[in-house]
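Novice: Okay, so here is my_file.txt, and as you'll see once you scroll down, it has compact mmCIF, C-alpha atoms.
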# COMPACT_ATOMS: atom_id res chain seq x y z
CA MET A 1 -65.84 -95.54 -1.84
CA PRO A 2 -66.45 -92.69 -4.30
CA ASP A 3 -68.52 -89.97 -2.70
CA HIS A 4 -71.10 -87.75 -4.30
CA SER A 5 -68.61 -85.72 -6.24
CA ALA A 6 -67.87 -88.85 -8.28
CA LYS A 7 -71.36 -88.70 -9.69
CA GLY A 8 -70.52 -85.52 -11.51
CA ILE A 9 -73.10 -83.53 -9.58
CA TYR A 10 -70.59 -81.06 -8.27
CA MET A 11 -68.63 -78.59 -10.34
CA ILE A 12 -64.88 -78.42 -9.76
CA THR A 13 -62.76 -75.30 -9.48
CA LEU A 14 -58.98 -75.67 -9.65
CA TYR A 15 -56.77 -73.05 -8.00
CA HIS A 16 -53.33 -73.20 -9.57
CA TYR A 17 -50.26 -71.39 -10.87
CA TRP A 18 -48.92 -71.98 -14.35
CA ARG A 19 -45.33 -72.72 -13.36
CA SER A 20 -46.05 -74.78 -10.24
CA SER A 21 -45.14 -78.39 -10.98
CA CYS A 22 -47.74 -79.65 -8.49
CA SER A 23 -50.40 -77.59 -10.31
CA TYR A 24 -49.25 -79.02 -13.65
CA ARG A 25 -49.74 -82.57 -12.25
CA VAL A 26 -53.34 -81.92 -11.23
CA ARG A 27 -54.20 -80.10 -14.46
CA TRP A 28 -52.85 -83.05 -16.42
CA ALA A 29 -54.80 -85.65 -14.40
CA LEU A 30 -58.02 -83.63 -14.83
CA HIS A 31 -57.52 -83.31 -18.59
CA HIS A 32 -56.44 -86.97 -18.91
CA LYS A 33 -59.60 -88.12 -17.16
CA LYS A 34 -61.70 -85.59 -19.08
CA ILE A 35 -63.08 -84.08 -15.88
CA PRO A 36 -64.49 -80.61 -16.54
CA PHE A 37 -63.19 -77.85 -14.29
CA THR A 38 -63.09 -74.10 -13.92
CA SER A 39 -59.66 -72.53 -13.62
CA VAL A 40 -58.68 -69.87 -11.09
CA LYS A 41 -55.13 -68.61 -11.38
CA VAL A 42 -53.18 -67.83 -8.22
CA ASP A 43 -50.01 -65.87 -8.95
CA LEU A 44 -47.30 -67.11 -6.57
CA LEU A 45 -44.90 -64.34 -7.56
CA LYS A 46 -47.46 -61.70 -6.59
CA GLY A 47 -48.03 -63.46 -3.26
CA GLU A 48 -51.64 -64.22 -4.13
CA SER A 49 -51.50 -67.62 -2.43
CA ARG A 50 -51.08 -65.90 0.93
CA LYS A 51 -53.87 -63.34 0.53
CA GLU A 52 -57.63 -63.35 0.20
CA PRO A 53 -59.47 -64.77 -1.57
CA PHE A 54 -57.16 -67.81 -1.80
CA ILE A 55 -56.16 -67.89 1.85
CA SER A 56 -59.78 -68.78 2.66
CA ILE A 57 -59.54 -71.76 0.33
CA ASN A 58 -56.28 -73.02 1.86
CA PRO A 59 -55.16 -71.23 5.05
CA LEU A 60 -51.67 -72.66 4.52
CA GLY A 61 -51.40 -70.71 1.28
CA MET A 62 -50.37 -73.68 -0.80
CA ILE A 63 -51.51 -74.54 -4.29
CA PRO A 64 -52.98 -76.47 -6.00
CA ALA A 65 -56.41 -76.75 -4.39
CA LEU A 66 -59.66 -78.18 -5.71
CA LYS A 67 -62.98 -76.78 -4.62
CA PHE A 68 -66.25 -78.60 -5.26
CA SER A 69 -69.54 -76.77 -5.62
CA ASN A 70 -70.77 -78.47 -2.41
CA GLY A 71 -68.05 -76.62 -0.51
CA ASN A 72 -65.58 -79.49 -0.13
CA ILE A 73 -61.99 -78.43 -0.61
CA LEU A 74 -59.03 -80.69 -1.37
CA CYS A 75 -55.43 -79.63 -1.00
CA ASP A 76 -52.05 -81.31 -1.59
CA SER A 77 -51.39 -82.58 -5.09
CA TRP A 78 -50.78 -86.17 -3.99
CA ALA A 79 -54.02 -86.37 -2.01
CA ILE A 80 -55.84 -84.83 -4.98
CA LEU A 81 -54.34 -87.30 -7.47
CA GLU A 82 -55.32 -90.31 -5.33
CA TYR A 83 -58.79 -88.83 -4.88
CA LEU A 84 -59.27 -88.35 -8.61
CA GLU A 85 -58.12 -91.93 -9.20
CA GLU A 86 -60.65 -93.25 -6.66
CA CYS A 87 -63.61 -91.16 -7.77
CA TYR A 88 -63.00 -90.87 -11.51
CA PRO A 89 -61.70 -94.31 -12.50
CA GLN A 90 -61.83 -93.61 -16.24
CA ASN A 91 -58.42 -93.47 -17.94
CA PRO A 92 -56.72 -94.91 -14.86
CA LEU A 93 -53.36 -93.65 -13.67
CA LEU A 94 -52.65 -96.61 -11.39
CA PRO A 95 -52.48 -100.26 -12.53
CA ARG A 96 -54.97 -102.81 -11.20
CA SER A 97 -52.80 -105.11 -9.09
CA SER A 98 -51.59 -103.85 -5.75
CA ILE A 99 -47.99 -104.87 -6.34
CA ASP A 100 -47.95 -102.89 -9.61
CA ARG A 101 -49.64 -99.95 -7.91
CA ALA A 102 -46.90 -100.02 -5.26
CA THR A 103 -44.28 -99.84 -8.02
CA VAL A 104 -45.96 -96.85 -9.67
CA ARG A 105 -46.36 -95.08 -6.33
CA ARG A 106 -42.69 -95.73 -5.54
CA LEU A 107 -41.60 -94.20 -8.85
CA ALA A 108 -43.94 -91.24 -8.41
CA GLN A 109 -42.74 -90.65 -4.84
CA MET A 110 -39.17 -90.34 -6.07
CA ILE A 111 -40.33 -87.06 -7.57
CA HIS A 112 -43.07 -86.15 -5.11
CA SER A 113 -41.23 -86.69 -1.83
CA PHE A 114 -37.57 -86.93 -2.86
CA THR A 115 -37.06 -84.28 -5.55
CA GLN A 116 -39.79 -81.65 -5.61
CA PRO A 117 -39.75 -80.83 -1.85
CA LEU A 118 -36.07 -79.89 -2.05
CA GLY A 119 -36.37 -77.53 -4.96
CA ASN A 120 -39.58 -75.57 -4.64
CA LEU A 121 -39.70 -71.79 -4.34
CA ARG A 122 -40.19 -71.84 -0.57
CA VAL A 123 -37.05 -73.91 -0.02
CA GLN A 124 -34.99 -71.95 -2.54
CA SER A 125 -35.97 -68.76 -0.81
CA TYR A 126 -34.94 -70.08 2.62
CA VAL A 127 -31.63 -71.40 1.32
CA ASN A 128 -30.95 -67.99 -0.23
CA SER A 129 -31.72 -66.33 3.12
CA GLN A 130 -29.05 -68.50 4.73
CA GLY A 131 -26.37 -67.28 2.38
CA MET A 132 -26.42 -70.31 0.10
CA ASP A 133 -27.52 -70.46 -3.52
CA GLY A 134 -31.12 -71.68 -3.53
CA LEU A 135 -31.21 -72.45 -7.23
CA ALA A 136 -27.97 -74.46 -7.04
CA PHE A 137 -29.46 -76.34 -4.07
CA ALA A 138 -32.60 -77.14 -6.07
CA LYS A 139 -30.55 -78.24 -9.08
CA HIS A 140 -28.39 -80.52 -6.93
CA TRP A 141 -31.47 -82.37 -5.70
CA MET A 142 -33.04 -82.49 -9.16
CA ILE A 143 -29.93 -84.30 -10.39
CA GLU A 144 -29.99 -86.64 -7.37
CA GLY A 145 -33.70 -87.37 -7.70
CA LEU A 146 -33.82 -87.73 -11.47
CA GLY A 147 -30.66 -89.86 -11.34
CA ALA A 148 -32.23 -92.22 -8.81
CA LEU A 149 -35.40 -92.40 -10.89
CA GLU A 150 -33.42 -93.06 -14.09
CA LYS A 151 -31.80 -96.03 -12.36
CA SER A 152 -35.16 -97.40 -11.19
CA LEU A 153 -36.75 -96.94 -14.62
CA GLN A 154 -34.32 -99.43 -16.17
CA LYS A 155 -36.51 -102.18 -14.74
CA THR A 156 -39.94 -100.67 -15.36
CA ALA A 157 -40.01 -98.27 -18.31
CA GLY A 158 -41.56 -98.68 -21.72
CA THR A 159 -43.17 -95.82 -23.58
CA TYR A 160 -43.84 -94.38 -20.13
CA CYS A 161 -42.39 -94.87 -16.63
CA TYR A 162 -44.40 -98.03 -16.12
CA GLY A 163 -44.41 -99.91 -19.39
CA ALA A 164 -47.01 -98.85 -21.93
CA GLN A 165 -49.42 -97.37 -19.39
CA LEU A 166 -49.41 -93.68 -18.52
CA SER A 167 -49.42 -93.46 -14.72
CA LEU A 168 -49.01 -91.21 -11.71
CA ALA A 169 -45.25 -91.69 -12.13
CA ASP A 170 -45.37 -89.80 -15.46
CA ILE A 171 -47.81 -87.25 -14.04
CA CYS A 172 -45.18 -86.40 -11.40
CA LEU A 173 -42.09 -86.77 -13.59
CA ILE A 174 -42.93 -84.57 -16.56
CA PRO A 175 -43.63 -81.34 -14.59
CA GLN A 176 -40.35 -81.94 -12.71
CA MET A 177 -38.50 -82.42 -16.00
CA TYR A 178 -40.07 -79.22 -17.29
CA ASN A 179 -38.45 -77.43 -14.34
CA ALA A 180 -35.16 -79.24 -14.85
CA VAL A 181 -35.05 -78.11 -18.48
CA ARG A 182 -36.06 -74.59 -17.50
CA PHE A 183 -33.28 -74.43 -14.90
CA GLN A 184 -30.79 -75.85 -17.41
CA VAL A 185 -30.08 -78.98 -15.41
CA ASP A 186 -27.91 -81.29 -17.52
CA THR A 187 -30.31 -84.18 -18.09
CA ARG A 188 -28.42 -85.75 -21.02
CA SER A 189 -27.33 -88.75 -18.96
CA PHE A 190 -30.96 -89.52 -18.11
CA SER A 191 -31.76 -91.04 -21.48
CA THR A 192 -34.80 -93.06 -20.34
CA ILE A 193 -36.34 -90.02 -18.69
CA GLU A 194 -35.59 -87.91 -21.79
CA ARG A 195 -37.40 -90.46 -23.97
CA ILE A 196 -40.43 -90.64 -21.68
CA TYR A 197 -40.50 -86.84 -21.50
CA GLN A 198 -40.71 -86.57 -25.28
CA ASN A 199 -43.38 -89.30 -25.41
CA CYS A 200 -45.52 -87.44 -22.90
CA LEU A 201 -45.12 -83.92 -24.26
CA ILE A 202 -47.10 -84.86 -27.37
CA LEU A 203 -50.12 -86.19 -25.45
CA PRO A 204 -53.09 -83.80 -25.84
CA ALA A 205 -53.89 -83.80 -22.09
CA CYS A 206 -50.27 -83.01 -21.25
CA VAL A 207 -50.25 -80.18 -23.79
CA ALA A 208 -53.50 -78.76 -22.37
CA ALA A 209 -52.01 -78.90 -18.86
CA SER A 210 -48.65 -77.40 -19.78
CA PRO A 211 -47.43 -74.16 -18.21
CA GLU A 212 -47.47 -72.40 -21.59
CA LYS A 213 -51.18 -73.09 -22.04
CA ASN A 214 -51.98 -71.89 -18.53
CA GLN A 215 -50.17 -68.57 -18.27
CA MET B 1 -57.05 -105.64 -6.33
CA PRO B 2 -55.09 -107.42 -3.56
CA ASP B 3 -52.57 -109.82 -5.04
CA HIS B 4 -51.40 -113.15 -3.71
CA SER B 5 -49.44 -111.67 -0.86
CA ALA B 6 -52.74 -110.54 0.64
CA LYS B 7 -53.67 -114.15 1.18
CA GLY B 8 -50.95 -114.53 3.73
CA ILE B 9 -49.16 -117.14 1.63
CA TYR B 10 -45.94 -115.18 1.49
CA MET B 11 -43.71 -114.38 4.42
CA ILE B 12 -42.60 -110.78 4.83
CA THR B 13 -39.12 -109.54 5.69
CA LEU B 14 -38.72 -105.89 6.71
CA TYR B 15 -35.37 -104.18 6.18
CA HIS B 16 -35.17 -101.19 8.48
CA TYR B 17 -33.13 -99.01 10.84
CA TRP B 18 -34.25 -98.27 14.36
CA ARG B 19 -33.96 -94.48 14.18
CA SER B 20 -35.29 -94.01 10.64
CA SER B 21 -38.69 -92.35 10.87
CA CYS B 22 -39.81 -94.00 7.62
CA SER B 23 -38.88 -97.40 9.08
CA TYR B 24 -40.83 -96.59 12.25
CA ARG B 25 -43.93 -95.85 10.12
CA VAL B 26 -43.83 -99.22 8.39
CA ARG B 27 -43.08 -101.16 11.61
CA TRP B 28 -46.08 -99.47 13.23
CA ALA B 29 -48.45 -100.25 10.34
CA LEU B 30 -47.33 -103.90 10.33
CA HIS B 31 -47.86 -104.24 14.09
CA HIS B 32 -51.15 -102.32 13.96
CA LYS B 33 -52.49 -104.68 11.30
CA LYS B 34 -51.01 -107.70 13.08
CA ILE B 35 -49.08 -108.76 10.00
CA PRO B 36 -46.26 -111.14 10.94
CA PHE B 37 -42.81 -110.19 9.65
CA THR B 38 -39.16 -111.02 10.05
CA SER B 39 -36.87 -108.12 10.91
CA VAL B 40 -33.52 -107.41 9.26
CA LYS B 41 -31.65 -104.43 10.66
CA VAL B 42 -29.72 -102.17 8.29
CA ASP B 43 -27.38 -99.83 10.14
CA LEU B 44 -27.40 -96.49 8.32
CA LEU B 45 -24.52 -95.12 10.39
CA LYS B 46 -22.33 -98.05 9.35
CA GLY B 47 -23.28 -97.49 5.71
CA GLU B 48 -24.98 -100.87 5.49
CA SER B 49 -27.74 -99.52 3.25
CA ARG B 50 -25.19 -98.92 0.49
CA LYS B 51 -23.46 -102.33 0.66
CA GLU B 52 -24.35 -105.95 0.06
CA PRO B 53 -26.52 -107.66 1.02
CA PHE B 54 -28.96 -104.72 1.22
CA ILE B 55 -27.94 -103.05 -2.02
CA SER B 56 -29.33 -106.10 -3.86
CA ILE B 57 -32.67 -105.52 -2.15
CA ASN B 58 -32.79 -101.82 -3.05
CA PRO B 59 -30.09 -100.62 -5.46
CA LEU B 60 -30.82 -97.05 -4.37
CA GLY B 61 -29.72 -97.91 -0.83
CA MET B 62 -32.85 -96.57 0.80
CA ILE B 63 -34.74 -98.10 3.66
CA PRO B 64 -37.30 -99.31 4.57
CA ALA B 65 -37.89 -102.17 2.14
CA LEU B 66 -40.27 -105.12 2.31
CA LYS B 67 -39.37 -108.42 0.73
CA PHE B 68 -41.95 -111.15 0.18
CA SER B 69 -41.00 -114.81 0.06
CA ASN B 70 -42.08 -114.92 -3.61
CA GLY B 71 -39.29 -112.46 -4.40
CA ASN B 72 -41.39 -109.31 -4.69
CA ILE B 73 -39.73 -106.28 -3.14
CA LEU B 74 -41.44 -103.04 -2.13
CA CYS B 75 -39.58 -99.82 -1.40
CA ASP B 76 -40.62 -96.30 -0.32
CA SER B 77 -42.53 -96.03 2.92
CA TRP B 78 -45.53 -94.30 1.33
CA ALA B 79 -45.91 -96.93 -1.39
CA ILE B 80 -45.57 -99.63 1.28
CA LEU B 81 -48.21 -98.04 3.54
CA GLU B 82 -50.73 -97.76 0.70
CA TYR B 83 -49.96 -101.36 -0.32
CA LEU B 84 -50.53 -102.66 3.20
CA GLU B 85 -53.79 -100.73 3.35
CA GLU B 86 -54.98 -102.29 0.08
CA CYS B 87 -53.90 -105.86 0.80
CA TYR B 88 -54.43 -106.08 4.56
CA PRO B 89 -57.63 -104.14 5.15
CA GLN B 90 -57.91 -105.16 8.81
CA ASN B 91 -57.49 -102.29 11.29
CA PRO B 92 -57.74 -99.71 8.50
CA LEU B 93 -55.53 -96.64 8.45
CA LEU B 94 -57.63 -94.76 5.90
CA PRO B 95 -61.33 -93.85 6.31
CA ARG B 96 -63.94 -95.27 3.95
CA SER B 97 -65.12 -92.23 2.03
CA SER B 98 -62.84 -90.75 -0.60
CA ILE B 99 -63.20 -87.20 0.66
CA ASP B 100 -62.12 -88.31 4.15
CA ARG B 101 -59.28 -90.36 2.69
CA ALA B 102 -58.13 -87.24 0.84
CA THR B 103 -58.07 -85.34 4.13
CA VAL B 104 -56.00 -88.03 5.87
CA ARG B 105 -53.60 -88.23 2.93
CA ARG B 106 -53.25 -84.43 2.97
CA LEU B 107 -52.37 -84.44 6.67
CA ALA B 108 -49.96 -87.35 6.24
CA GLN B 109 -48.28 -85.68 3.27
CA MET B 110 -47.53 -82.63 5.38
CA ILE B 111 -45.04 -84.87 7.14
CA HIS B 112 -44.17 -87.22 4.31
CA SER B 113 -43.47 -84.72 1.54
CA PHE B 114 -43.18 -81.38 3.37
CA THR B 115 -41.22 -82.11 6.57
CA GLN B 116 -39.33 -85.40 6.46
CA PRO B 117 -37.62 -84.86 3.06
CA LEU B 118 -35.99 -81.66 4.32
CA GLY B 119 -34.53 -83.13 7.46
CA ASN B 120 -33.29 -86.62 6.76
CA LEU B 121 -29.66 -87.65 7.17
CA ARG B 122 -28.89 -87.38 3.46
CA VAL B 123 -30.04 -83.77 3.31
CA GLN B 124 -28.38 -82.81 6.59
CA SER B 125 -25.13 -84.24 5.32
CA TYR B 126 -25.32 -82.27 2.05
CA VAL B 127 -26.19 -79.03 3.85
CA ASN B 128 -23.20 -79.57 6.15
CA SER B 129 -20.98 -80.11 3.12
CA GLN B 130 -22.05 -76.70 1.82
CA GLY B 131 -20.91 -74.93 4.97
CA MET B 132 -24.35 -74.60 6.52
CA ASP B 133 -25.62 -76.33 9.67
CA GLY B 134 -27.54 -79.41 8.53
CA LEU B 135 -29.20 -80.01 11.87
CA ALA B 136 -30.36 -76.39 12.12
CA PHE B 137 -31.73 -76.72 8.58
CA ALA B 138 -33.64 -79.87 9.55
CA LYS B 139 -35.00 -78.23 12.70
CA HIS B 140 -36.17 -75.17 10.74
CA TRP B 141 -38.26 -77.36 8.45
CA MET B 142 -39.56 -79.47 11.33
CA ILE B 143 -40.92 -76.29 12.93
CA GLU B 144 -42.40 -75.17 9.60
CA GLY B 145 -43.95 -78.55 8.85
CA LEU B 146 -45.26 -79.30 12.32
CA GLY B 147 -46.57 -75.73 12.58
CA ALA B 148 -48.50 -76.10 9.33
CA LEU B 149 -49.87 -79.45 10.48
CA GLU B 150 -50.85 -78.03 13.89
CA LYS B 151 -52.90 -75.38 12.06
CA SER B 152 -54.61 -77.96 9.87
CA LEU B 153 -55.36 -80.24 12.82
CA GLN B 154 -57.58 -77.59 14.41
CA LYS B 155 -60.29 -78.67 11.97
CA THR B 156 -59.74 -82.43 12.03
CA ALA B 157 -58.21 -83.69 15.28
CA GLY B 158 -59.77 -85.70 18.06
CA THR B 159 -57.87 -88.34 19.97
CA TYR B 160 -55.81 -88.69 16.80
CA CYS B 161 -55.10 -86.52 13.75
CA TYR B 162 -58.37 -87.50 12.15
CA GLY B 163 -60.97 -87.64 14.88
CA ALA B 164 -61.14 -90.87 16.86
CA GLN B 165 -59.62 -93.04 14.15
CA LEU B 166 -55.92 -93.83 14.03
CA SER B 167 -54.77 -93.16 10.46
CA LEU B 168 -51.82 -92.78 8.14
CA ALA B 169 -51.58 -89.20 9.37
CA ASP B 170 -50.64 -90.44 12.87
CA ILE B 171 -48.40 -93.13 11.40
CA CYS B 172 -46.39 -90.38 9.71
CA LEU B 173 -46.63 -87.77 12.49
CA ILE B 174 -45.44 -89.73 15.52
CA PRO B 175 -42.07 -90.84 14.11
CA GLN B 176 -41.48 -87.23 13.01
CA MET B 177 -42.34 -85.98 16.50
CA TYR B 178 -39.97 -88.56 17.95
CA ASN B 179 -37.21 -86.93 15.89
CA ALA B 180 -38.34 -83.44 16.84
CA VAL B 181 -38.15 -84.32 20.54
CA ARG B 182 -34.80 -86.02 20.05
CA PHE B 183 -33.42 -82.93 18.29
CA GLN B 184 -34.85 -80.69 21.02
CA VAL B 185 -37.16 -78.80 18.68
CA ASP B 186 -39.39 -76.56 20.77
CA THR B 187 -42.78 -78.18 20.16
CA ARG B 188 -44.60 -76.56 23.12
CA SER B 189 -46.70 -74.34 20.86
CA PHE B 190 -47.98 -77.41 19.00
CA SER B 191 -50.43 -78.42 21.70
CA THR B 192 -52.69 -80.53 19.48
CA ILE B 193 -49.74 -82.46 18.12
CA GLU B 194 -48.35 -82.91 21.66
CA ARG B 195 -51.66 -84.36 22.79
CA ILE B 196 -51.92 -86.75 19.84
CA TYR B 197 -48.29 -87.77 20.38
CA GLN B 198 -49.02 -88.78 23.96
CA ASN B 199 -52.21 -90.60 22.91
CA CYS B 200 -50.27 -92.63 20.34
CA LEU B 201 -47.20 -93.44 22.41
CA ILE B 202 -49.26 -95.68 24.70
CA LEU B 203 -50.68 -97.81 21.88
CA PRO B 204 -49.17 -101.32 21.97
CA ALA B 205 -48.41 -101.36 18.22
CA CYS B 206 -46.69 -97.97 18.48
CA VAL B 207 -44.63 -99.19 21.43
CA ALA B 208 -43.63 -102.35 19.55
CA ALA B 209 -42.57 -100.24 16.56
CA SER B 210 -40.67 -97.63 18.56
CA PRO B 211 -36.96 -97.02 17.99
CA GLU B 212 -36.13 -98.18 21.53
CA LYS B 213 -37.70 -101.59 20.91
CA ASN B 214 -35.85 -101.97 17.61
CA GLN B 215 -32.26 -101.08 18.42
I'd like the structure from this file rewritten - as structure tokens, please.
Specialist:
Amino acid sequence: MPDHSAKGIYMITLYHYWRSSCSYRVRWALHHKKIPFTSVKVDLLKGESRKEPFISINPLGMIPALKFSNGNILCDSWAILEYLEECYPQNPLLPRSSIDRATVRRLAQMIHSFTQPLGNLRVQSYVNSQGMDGLAFAKHWMIEGLGALEKSLQKTAGTYCYGAQLSLADICLIPQMYNAVRFQVDTRSFSTIERIYQNCLILPACVAASPEKNQ
Amino acid sequence: MPDHSAKGIYMITLYHYWRSSCSYRVRWALHHKKIPFTSVKVDLLKGESRKEPFISINPLGMIPALKFSNGNILCDSWAILEYLEECYPQNPLLPRSSIDRATVRRLAQMIHSFTQPLGNLRVQSYVNSQGMDGLAFAKHWMIEGLGALEKSLQKTAGTYCYGAQLSLADICLIPQMYNAVRFQVDTRSFSTIERIYQNCLILPACVAASPEKNQ
């Protein structure tokens, strides 16, 4: 199933923005799997994602994107994470059995498709344009999403979201928690998430991927 | 990687609602792969997803959910779709090569994590509660999401989203288009999507999974 890029023949370039939670996810997976990559920063606040040269990489103007030296381009953080898992199986981020993989994907999707989409800059901006408070809207859905995840984690969590194994669930959760903390969302009632957050923040690959190290 | 459920030992029960686009996706994948299942209807409008007996199946009150006769329960339509693909490889909904799989997942995610999360009943209801028009909000993001997908499909589409092969991208797109048509979103400028929609609506598994056949 892995294609040529799995053989390490092709160099990888990551297009990303330091504060984008989806960029943080991909940076972390790359560092965790010890996959070498070149970094190209795309400043969302300067509108660089919607201009050349990035718009030729992803005409939709969305980051992150991975470009391989053979010209292949991957977009969408979820598609990229699954691709990295398939092609670079070292330091896996999904368990082996399908039922366990389904659990990890379910936990990860509670951030990826339930929380993040309702709080990103694009949505905040639109909500603001409609006379509502975009940041309050984002915070409402962070509390909803993290609250739902906290409930689910009671059955699955150990050191990390899924027992003792770091997984795609953590890769999605921690960047979202970073935003929640930054936006002063009251996360004190999410004690399991708080514990996992602290456990992850000390991992070298998470540190290397953090916004502060990628400004 | 497939676990015991892949051996067809366990019976499957699907908990779903006829008009839920995420339920429609899972019904379609089950029919497409010819996986037998028992159907249990959960009426969202009557609040049945938040009461017993369903709340014991998924404490978060979200459909769809799959229950196996060994007690295993899967939630989240994306996690379920990936699980079915891993354990029931017949009539595949992902291509073989990882780079192609990444493309299909990217297209599917444009619905799953970019469009659907911003227009579901829960979000519409919250937007209404804030004095905005929830349906108008949902329609705005349907136009944004379908428009972005239409652009991406120019490079990938054939009979279906990804060339001649039915894939998870179609499985996610068609239920979303069903909602767009129902909500009278003007989809005339999305000619590639319109064509794929018509090509899919005549497929027996899509017909069997349709809202009308599952009321």
Novice: Show me as an MDAnalysis selection string the residues that reach within 12 Å of (-50.4, -95.6, 19.6), counting all atoms listed in the file and using the file's own coordinates.
Specialist: chainID B and resid 25 28:29 31:32 159:161 165:168 170:175 195:210
Novice: Using all atoms listed in the file, find each residue in chain B having at least one atom no more than 8 Å away from chain A; report its shortest atom-to-atom pair and that distance in Å (one decimal), rows by chain then rising number, as a Markdown table.
Specialist:
| residue | atom | partner | partner_atom | distance |
| --- | --- | --- | --- | --- |
| B:Met1 | CA | A:Ser97 | CA | 5.1 |
| B:Pro2 | CA | A:Ser98 | CA | 5.5 |
| B:Asp3 | CA | A:Ser98 | CA | 6.1 |
| B:Leu60 | CA | A:Ala148 | CA | 6.7 |
| B:Leu74 | CA | A:Ala102 | CA | 7.0 |
| B:Cys75 | CA | A:Arg106 | CA | 6.6 |
| B:Asp76 | CA | A:Arg106 | CA | 5.6 |
| B:Trp78 | CA | A:Arg106 | CA | 7.6 |
| B:Ala79 | CA | A:Ala102 | CA | 5.1 |
| B:Ile80 | CA | A:Ala102 | CA | 6.7 |
| B:Glu82 | CA | A:Ala102 | CA | 7.4 |
| B:Tyr83 | CA | A:Ala102 | CA | 6.0 |
| B:Glu86 | CA | A:Ser98 | CA | 6.9 |
| B:Cys87 | CA | A:Ser98 | CA | 7.2 |
| B:Arg96 | CA | A:Met1 | CA | 6.1 |
| B:Ser97 | CA | A:Met1 | CA | 5.1 |
| B:Ser98 | CA | A:Pro2 | CA | 5.5 |
| B:Ile99 | CA | A:Asp3 | CA | 6.9 |
| B:Arg101 | CA | A:Tyr83 | CA | 7.7 |
| B:Ala102 | CA | A:Ala79 | CA | 5.1 |
| B:Thr103 | CA | A:Leu74 | CA | 7.3 |
| B:Arg105 | CA | A:Ala79 | CA | 5.3 |
| B:Arg106 | CA | A:Ala79 | CA | 5.4 |
| B:Gln109 | CA | A:Asp76 | CA | 7.5 |
| B:His112 | CA | A:Ser113 | CA | 6.8 |
| B:Ser113 | CA | A:Ser113 | CA | 4.5 |
| B:Phe114 | CA | A:Pro117 | CA | 6.3 |
| B:Pro117 | CA | A:Phe114 | CA | 6.3 |
| B:Leu118 | CA | A:Leu118 | CA | 6.6 |
| B:Gln130 | CA | A:Met132 | CA | 7.9 |
| B:Met132 | CA | A:Gln130 | CA | 7.9 |
| B:Ala148 | CA | A:Leu60 | CA | 6.7 |
Novice: Interatomic distance between CA of Pro53 in chain A and CA of Gly163 in chain B?
Specialist: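 Interatomic distance, CA of Pro53 in chain A to CA of Gly163 in chain B: 28.2 Å.
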Novice: What is the distance between CA of Phe54 in chain B and CA of Ile9 in chain B, in Å to one decimal?
Specialist: 23.7 Å
Novice: Determine the nearest neighbour of Gly71 in chain B from the options B:Thr13, B:Ser125, B:Gln90, B:Gln215, counting all atoms listed in the file.
Specialist: B:Thr13
Novice: Give me the residues within 9 Å of Gln184 in chain B as a VMD selection string, counting only C-alpha atoms and dropping any in the same chain fewer than 4 places off.
Specialist: chain B and resid 139 179 to 180
Novice: Please compute the CA of Leu153 in chain A-CA of Ala136 in chain A distance, one decimal, in Å.
Specialist: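 If I compute the distance from CA of Leu153 in chain A to CA of Ala136 in chain A, I get 25.3 Å.
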Novice: Find the spatial neighbours of His16 in chain B, counting all atoms listed in the file, within a cut-off of 6 Å - ignore same-chain residues fewer than 5 positions away - and output them as a ChimeraX atom specification.
Specialist: /B:23,41-42,63-64
Novice: Show which residues sit within 7 Å of Ser69 in chain B, as a PyMOL selection string. Count only C-alpha atoms, and ignore same-chain residues fewer than 5 positions away.
Specialist: chain B and resi 10-12
Novice: Using only C-alpha atoms, which residues sit within 8 Å of Leu14 in chain B once same-chain residues fewer than 6 positions away are excluded, as a ChimeraX atom specification?
Specialist: /B:37-40,64-67
Novice: Those same residues, written as a CSV table (one decimal), in the coordinates of the input with C-alpha atoms?
Specialist:
chain,number,residue,atom,x,y,z
B,37,PHE,CA,-42.8,-110.2,9.6
B,38,THR,CA,-39.2,-111.0,10.0
B,39,SER,CA,-36.9,-108.1,10.9
B,40,VAL,CA,-33.5,-107.4,9.3
B,64,PRO,CA,-37.3,-99.3,4.6
B,65,ALA,CA,-37.9,-102.2,2.1
B,66,LEU,CA,-40.3,-105.1,2.3
B,67,LYS,CA,-39.4,-108.4,0.7
Novice: Here is a test: counting only C-alpha atoms, which residue of B:Thr156, B:Gly147, B:Tyr162, B:Val26 is nearest to Val185 in chain B?
Specialist: B:Gly147
